[in-house]
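upload29.cif follows; it contains mmCIF, C-alpha atoms.
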data_structure
loop_
_atom_site.label_atom_id
_atom_site.label_comp_id
_atom_site.auth_asym_id
_atom_site.auth_seq_id
_atom_site.Cartn_x
_atom_site.Cartn_y
_atom_site.Cartn_z
CA MET A 25 132.85 82.21 134.26
CA ASP A 26 133.34 78.44 134.17
CA ARG A 27 133.59 76.34 131.01
CA LEU A 28 129.97 75.22 131.07
CA GLU A 29 128.69 78.77 131.41
CA ALA A 30 131.03 79.90 128.61
CA MET A 31 129.69 77.14 126.35
CA ARG A 32 126.12 78.15 127.09
CA LEU A 33 126.96 81.80 126.40
CA TYR A 34 128.64 80.89 123.12
CA THR A 35 125.64 78.91 121.87
CA ARG A 36 123.29 81.83 122.65
CA ILE A 37 125.52 84.24 120.69
CA VAL A 38 125.46 81.89 117.70
CA GLU A 39 121.71 81.33 117.93
CA LEU A 40 120.86 85.01 118.41
CA GLY A 41 123.55 86.31 116.07
CA SER A 42 124.52 89.09 118.45
CA PHE A 43 126.68 89.69 121.50
CA THR A 44 124.22 92.28 122.77
CA ALA A 45 121.19 90.02 122.34
CA ALA A 46 122.97 87.15 124.12
CA ALA A 47 123.99 89.48 126.95
CA ASP A 48 120.40 90.65 127.38
CA ASP A 49 119.06 87.08 127.16
CA LEU A 50 121.42 85.85 129.90
CA ASN A 51 121.25 89.08 131.94
CA LEU A 52 124.99 89.70 131.65
CA PRO A 53 126.95 92.92 131.03
CA ARG A 54 128.08 93.33 127.41
CA ALA A 55 131.71 93.65 128.52
CA THR A 56 131.49 90.33 130.40
CA VAL A 57 130.24 88.58 127.27
CA THR A 58 133.04 89.98 125.11
CA HIS A 59 135.71 89.09 127.66
CA ALA A 60 134.35 85.55 128.12
CA ILE A 61 134.42 84.79 124.39
CA LYS A 62 137.98 86.12 124.07
CA ARG A 63 139.09 83.85 126.92
CA LEU A 64 137.26 80.91 125.34
CA GLU A 65 138.98 81.42 121.99
CA THR A 66 142.35 81.78 123.73
CA ARG A 67 141.83 78.56 125.67
CA LEU A 68 140.78 76.65 122.54
CA GLY A 69 143.46 78.24 120.36
CA ALA A 70 140.94 78.93 117.61
CA GLN A 71 138.82 81.79 116.34
CA LEU A 72 135.17 80.88 116.77
CA LEU A 73 133.36 83.99 115.60
CA GLN A 74 133.75 86.57 112.84
CA ARG A 75 132.50 89.95 114.03
CA THR A 76 131.30 92.84 111.91
CA THR A 77 129.49 95.99 112.93
CA ARG A 78 126.18 94.42 111.99
CA SER A 79 126.45 90.67 112.58
CA VAL A 80 128.30 87.78 114.16
CA ARG A 81 129.05 84.62 112.17
CA THR A 82 130.74 81.37 113.10
CA THR A 83 134.03 80.33 111.57
CA ARG A 84 134.46 76.74 110.41
CA ASP A 85 135.99 75.90 113.80
CA GLY A 86 133.20 77.85 115.48
CA GLU A 87 130.53 75.82 113.69
CA THR A 88 132.17 72.55 114.77
CA TYR A 89 132.51 73.79 118.35
CA TYR A 90 128.87 74.93 118.34
CA GLY A 91 127.73 71.41 117.39
CA HIS A 92 129.73 69.90 120.25
CA CYS A 93 128.37 72.49 122.68
CA ARG A 94 124.77 71.77 121.69
CA ARG A 95 125.19 68.04 122.30
CA LEU A 96 127.03 68.46 125.60
CA LEU A 97 124.59 71.03 126.96
CA ALA A 98 121.62 68.91 125.92
CA ASP A 99 123.12 65.91 127.74
CA MET A 100 123.77 68.02 130.84
CA ASP A 101 120.23 69.40 130.81
CA GLU A 102 118.86 65.86 130.51
CA VAL A 103 120.96 64.65 133.45
CA GLU A 104 119.86 67.54 135.63
CA ALA A 105 116.22 67.02 134.63
CA ASP A 106 116.50 63.35 135.60
CA PHE A 107 117.83 64.29 139.04
CA ARG A 108 115.17 66.94 139.57
CA GLU A 109 112.50 64.40 138.60
CA ALA A 110 114.07 61.79 140.90
CA ALA A 111 113.84 64.22 143.79
CA THR A 112 110.08 64.48 143.37
CA GLN A 113 109.45 61.01 141.92
CA PRO A 114 112.29 58.74 143.12
CA LYS A 115 113.47 56.10 140.70
CA GLY A 116 116.34 53.71 140.10
CA ARG A 117 117.71 50.49 141.59
CA LEU A 118 118.45 49.86 145.26
CA ARG A 119 120.50 46.93 146.55
CA ILE A 120 119.39 46.01 150.06
CA ASP A 121 120.11 43.17 152.46
CA LEU A 122 117.61 41.92 155.06
CA PRO A 123 117.75 39.37 157.87
CA ALA A 124 115.99 36.32 156.47
CA SER A 125 113.31 36.13 159.16
CA LEU A 126 112.52 39.84 159.16
CA GLY A 127 112.53 39.93 155.38
CA TRP A 128 110.06 37.08 154.93
CA LEU A 129 107.77 37.98 157.81
CA LEU A 130 107.71 41.78 157.79
CA VAL A 131 109.27 43.54 154.82
CA ILE A 132 108.56 41.36 151.79
CA PRO A 133 104.79 40.91 152.43
CA ALA A 134 104.44 44.71 152.58
CA LEU A 135 106.42 45.45 149.40
CA PRO A 136 103.30 45.83 147.18
CA THR A 137 102.42 48.96 149.17
CA PHE A 138 105.94 50.33 148.62
CA PHE A 139 105.85 49.73 144.86
CA ALA A 140 102.37 51.24 144.63
CA ARG A 141 103.80 54.43 146.11
CA PHE A 142 107.15 54.36 144.26
CA PRO A 143 106.62 52.45 141.00
CA GLN A 144 109.91 53.59 139.44
CA ILE A 145 112.15 52.13 142.15
CA GLU A 146 113.58 48.63 141.67
CA LEU A 147 114.82 46.53 144.61
CA ASP A 148 117.60 43.96 144.47
CA ILE A 149 117.09 42.04 147.73
CA GLY A 150 119.51 39.75 149.52
CA THR A 151 118.53 37.87 152.68
CA GLY A 152 120.81 36.50 155.36
CA ASP A 153 122.39 37.15 158.73
CA ARG A 154 126.03 37.40 157.58
CA PHE A 155 128.20 40.51 157.73
CA VAL A 156 127.84 42.57 154.54
CA ASP A 157 130.56 44.98 153.39
CA LEU A 158 128.29 47.63 151.91
CA VAL A 159 130.98 49.56 150.06
CA ARG A 160 132.86 46.57 148.63
CA GLU A 161 129.69 44.69 147.66
CA GLY A 162 127.86 47.73 146.31
CA VAL A 163 124.93 47.42 148.73
CA ASP A 164 122.93 50.60 149.40
CA CYS A 165 121.62 49.63 152.84
CA VAL A 166 121.18 46.70 155.21
CA LEU A 167 118.56 46.10 157.88
CA ARG A 168 119.90 44.51 161.05
CA ILE A 169 118.41 43.24 164.31
CA GLY A 170 120.09 43.65 167.68
CA HIS A 171 122.78 45.86 169.14
CA LEU A 172 125.50 46.67 166.63
CA GLY A 173 129.18 47.50 166.98
CA ASP A 174 130.90 50.42 165.30
CA SER A 175 130.93 49.67 161.57
CA GLY A 176 131.72 53.13 160.20
CA MET A 177 128.26 53.18 158.63
CA VAL A 178 125.43 55.61 159.30
CA GLY A 179 122.77 53.93 161.45
CA ARG A 180 119.12 54.85 161.87
CA ARG A 181 116.91 52.95 164.29
CA VAL A 182 113.61 52.17 162.59
CA GLY A 183 111.83 50.09 165.24
CA MET A 184 111.95 47.61 168.10
CA LEU A 185 111.06 43.90 168.11
CA GLN A 186 109.55 42.17 171.13
CA GLN A 187 110.88 38.72 171.97
CA ALA A 188 109.60 35.69 173.85
CA THR A 189 111.20 32.66 175.46
CA VAL A 190 109.71 29.46 174.02
CA ALA A 191 109.91 25.71 173.91
CA SER A 192 108.00 23.08 172.00
CA ALA A 193 104.89 21.46 173.45
CA GLY A 194 106.80 18.15 173.54
CA TYR A 195 109.67 19.69 175.47
CA VAL A 196 107.24 21.13 178.04
CA ARG A 197 105.59 17.72 178.52
CA ARG A 198 108.99 16.16 179.23
CA HIS A 199 110.60 18.91 181.31
CA GLY A 200 107.69 20.99 182.62
CA LEU A 201 107.35 24.78 182.72
CA PRO A 202 109.90 26.53 184.95
CA GLU A 203 108.36 29.08 187.30
CA SER A 204 111.52 31.09 188.03
CA LEU A 205 114.95 31.79 186.63
CA ALA A 206 116.41 29.55 189.32
CA ALA A 207 114.15 26.68 188.23
CA LEU A 208 115.20 27.29 184.63
CA GLN A 209 118.74 26.31 185.56
CA ASP A 210 117.62 23.06 187.19
CA GLY A 211 117.67 20.47 184.39
CA HIS A 212 116.61 22.60 181.40
CA VAL A 213 118.54 22.81 178.14
CA ALA A 214 118.69 25.35 175.33
CA VAL A 215 119.11 25.47 171.60
CA ASN A 216 122.23 27.61 171.67
CA TRP A 217 122.33 30.53 169.26
CA VAL A 218 125.76 31.28 167.80
CA SER A 219 126.30 34.79 166.43
CA PRO A 220 127.21 34.63 162.71
CA ASN A 221 129.62 37.53 163.27
CA THR A 222 131.37 36.65 166.54
CA ARG A 223 130.90 32.85 166.33
CA ARG A 224 130.20 32.83 170.07
CA ALA A 225 127.21 31.19 171.72
CA GLU A 226 124.87 33.81 173.19
CA PRO A 227 123.24 33.34 176.63
CA LEU A 228 119.51 33.62 177.17
CA GLU A 229 118.53 37.10 178.38
CA PHE A 230 115.68 38.11 180.67
CA MET A 231 114.39 41.44 181.98
CA VAL A 232 113.78 41.41 185.73
CA GLY A 233 112.18 44.78 186.23
CA ARG A 234 114.67 47.11 184.55
CA ARG A 235 117.63 44.81 185.06
CA ARG A 236 118.96 42.46 182.42
CA ARG A 237 119.79 38.93 183.57
CA GLU A 238 121.76 36.40 181.56
CA VAL A 239 121.31 32.65 181.89
CA THR A 240 123.56 30.11 180.19
CA LEU A 241 122.07 26.65 179.71
CA PRO A 242 123.69 23.50 178.36
CA GLY A 243 122.51 22.14 175.06
CA CYS A 244 123.14 19.40 172.56
CA VAL A 245 122.92 21.64 169.48
CA SER A 246 124.19 25.09 168.44
CA VAL A 247 123.00 26.94 165.34
CA SER A 248 123.70 30.23 163.55
CA GLY A 249 120.68 30.43 161.22
CA MET A 250 117.18 31.48 162.26
CA ASP A 251 115.40 28.71 160.34
CA ALA A 252 117.57 26.08 162.03
CA TYR A 253 117.11 27.81 165.41
CA LEU A 254 113.33 27.65 165.15
CA GLY A 255 113.39 24.15 163.69
CA CYS A 256 115.50 22.77 166.54
CA CYS A 257 113.23 24.41 169.10
CA GLU A 258 110.09 22.99 167.50
CA ALA A 259 111.78 19.58 167.41
CA GLY A 260 112.01 19.70 171.23
CA LEU A 261 115.78 20.09 171.45
CA GLY A 262 115.68 22.96 173.92
CA ILE A 263 114.53 26.44 174.91
CA ALA A 264 115.01 29.36 172.53
CA GLN A 265 114.37 33.11 172.37
CA MET A 266 112.94 34.66 169.21
CA THR A 267 110.94 37.62 168.03
CA ARG A 268 107.20 37.31 168.43
CA GLN A 269 106.68 37.75 164.68
CA ARG A 270 108.86 34.71 164.06
CA ILE A 271 106.97 32.43 166.45
CA ALA A 272 103.41 33.74 166.05
CA GLU A 273 102.39 30.75 163.91
CA GLY A 274 103.86 28.31 166.44
CA PHE A 275 101.77 29.88 169.22
CA LYS A 276 98.68 29.76 167.04
CA THR A 277 99.04 26.05 166.24
CA GLY A 278 100.13 25.08 169.75
CA ARG A 279 103.53 23.78 168.63
CA LEU A 280 105.23 26.31 170.91
CA ARG A 281 104.68 27.34 174.53
CA GLU A 282 105.86 30.54 176.14
CA ILE A 283 108.20 30.24 179.13
CA LEU A 284 108.53 32.77 181.95
CA PRO A 285 106.38 35.51 180.35
CA ALA A 286 106.86 37.63 183.51
CA TYR A 287 110.57 37.92 182.59
CA PRO A 288 110.58 38.66 178.88
CA PRO A 289 113.78 38.93 176.86
CA PRO A 290 114.82 42.52 176.10
CA SER A 291 113.40 44.02 172.93
CA LEU A 292 115.74 44.14 169.95
CA PRO A 293 116.40 47.31 167.96
CA ILE A 294 115.94 47.25 164.20
CA THR A 295 118.56 49.44 162.53
CA VAL A 296 119.12 50.37 158.91
CA LEU A 297 122.78 50.94 158.01
CA TYR A 298 124.04 52.76 154.92
CA PRO A 299 127.37 54.29 153.82
CA GLN A 300 128.12 57.86 154.76
CA GLN A 301 127.52 60.15 151.80
CA ARG A 302 127.18 63.86 151.20
CA GLN A 303 123.81 63.61 149.48
CA MET A 304 121.50 60.65 150.11
CA PRO A 305 119.75 59.51 146.91
CA ALA A 306 116.01 60.14 147.02
CA ARG A 307 115.27 56.45 146.36
CA LEU A 308 117.25 55.44 149.47
CA ARG A 309 115.69 58.17 151.62
CA VAL A 310 112.09 57.19 150.76
CA PHE A 311 112.86 53.48 151.29
CA ILE A 312 114.22 54.14 154.78
CA ASP A 313 111.25 56.38 155.61
CA TRP A 314 108.94 53.59 154.44
CA LEU A 315 110.72 51.10 156.73
CA VAL A 316 110.11 53.43 159.66
CA GLU A 317 106.39 53.57 158.83
CA LEU A 318 106.23 49.81 158.40
CA THR A 319 107.89 48.92 161.69
CA ALA A 320 105.86 51.55 163.58
CA ALA A 321 102.66 49.94 162.31
CA GLN A 322 103.58 46.29 162.84
CA CYS A 323 106.14 46.06 165.66
#
Let me see whether you can do it: turn the structure in this file into structure tokens.
Amino acid sequence: MDRLEAMRLYTRIVELGSFTAAADDLNLPRATVTHAIKRLETRLGAQLLQRTTRSVRTTRDGETYYGHCRRLLADMDEVEADFREAATQPKGRLRIDLPASLGWLLVIPALPTFFARFPQIELDIGTGDRFVDLVREGVDCVLRIGHLGDSGMVGRRVGMLQQATVASAGYVRRHGLPESLAALQDGHVAVNWVSPNTRRAEPLEFMVGRRRREVTLPGCVSVSGMDAYLGCCEAGLGIAQMTRQRIAEGFKTGRLREILPAYPPPSLPITVLYPQQRQMPARLRVFIDWLVELTAAQC
């Protein structure tokens, strides 16, 4: 019998005033109860109970110990009740990190539906494209776009994002619309995207049937932030590739034109990463499940 069980047994003996009644209440053999109390008194180095043929009374030490047991057991019961409630009605704070563009365009506008379903969960949201050390920074999960290296984190793919190759209307008036990948390399320039993690410029990518083709174009500007990437493209500084959610407004207003739609860029996976743990908190599990629903509906 562990210490917690012995404490619970002791409090029932005191409350019921009988070893036999406590044994019956806890469905334990009478001999087990007697042996457990003897071991408890030996471990504490104090006599807790005075036994007579008719009754059981606490000693002064036993009364003090009973008060401590009541408080500790009540606290333990409250903690366990909180966890049982959290399993059915998740609550608590989650620290999450989202790519800025995906956060503003997809996740944040849908958050009212999440809070309507889980009103007792609080979200602490960071946005950016930088590398986040989840363990060191105390972040519960991050949402990332694109193919990821081995980070030691658990990854769950929650959706895919379609991309398009685009340029501003002004750029198209000056340079024309290329009709093939070969024509793309004849006088066209790009806004070069630099990975925030590797610090290397990434080539443009196109799907030709099931094959992936890379095209590297010169350019006068390189950026590592999505807002700057879109801004430079809309300013006519070159061709860019972005998710369709990010450029939907530019298509609608006519600021952007699609280039080579027959050879679209490959779709990008959306992955949620979180530290490996024996038991995932309910609040994290329902948030990830909600992300899966959200991306399935909108991507």
Point-to-point distance from CA of Val239 (chain A) to CA of Pro285 (chain A), Å rounded to tenths: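 The value is 15.3 Å.
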I need the residue set behind the PyMOL selection byres ((chain A and resi 229) around 10) for this file; please write it as number ranges by chain. A: 189, 226-228, 230-232, 236-240, 265, 287-290
Given only C-alpha atoms, how would the per-residue table for region 223-260 of chain A near region 125-147 of chain A read, listing every residue at most 10 Å away with its closest atom pair and distance in Å to one decimal, sorted by chain and number, as CSV?
residue,atom,partner,partner_atom,distance
A:Gly249,CA,A:Ser125,CA,9.5
A:Met250,CA,A:Ser125,CA,6.8
A:Asp251,CA,A:Ser125,CA,7.8
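The interatomic distance for the pair CA of Val182 (chain A) and CA of Val247 (chain A) works out to 27.1 Å.
If you look at CA of Ser204 (chain A) and CA of Ala286 (chain A), they are 9.2 Å away from each other.
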Any idea what's packed within 9 Å of Asn216 (chain A), counting only C-alpha atoms, ignoring anything in its chain fewer than 4 positions away? Could you give it as a PyMOL selection string? chain A and resi 225-228+240-248+253+262-264
Report as a count of residues only the residues that result from applying the PyMOL selection byres ((chain A and resi 27) around 12) to the structure here. 19
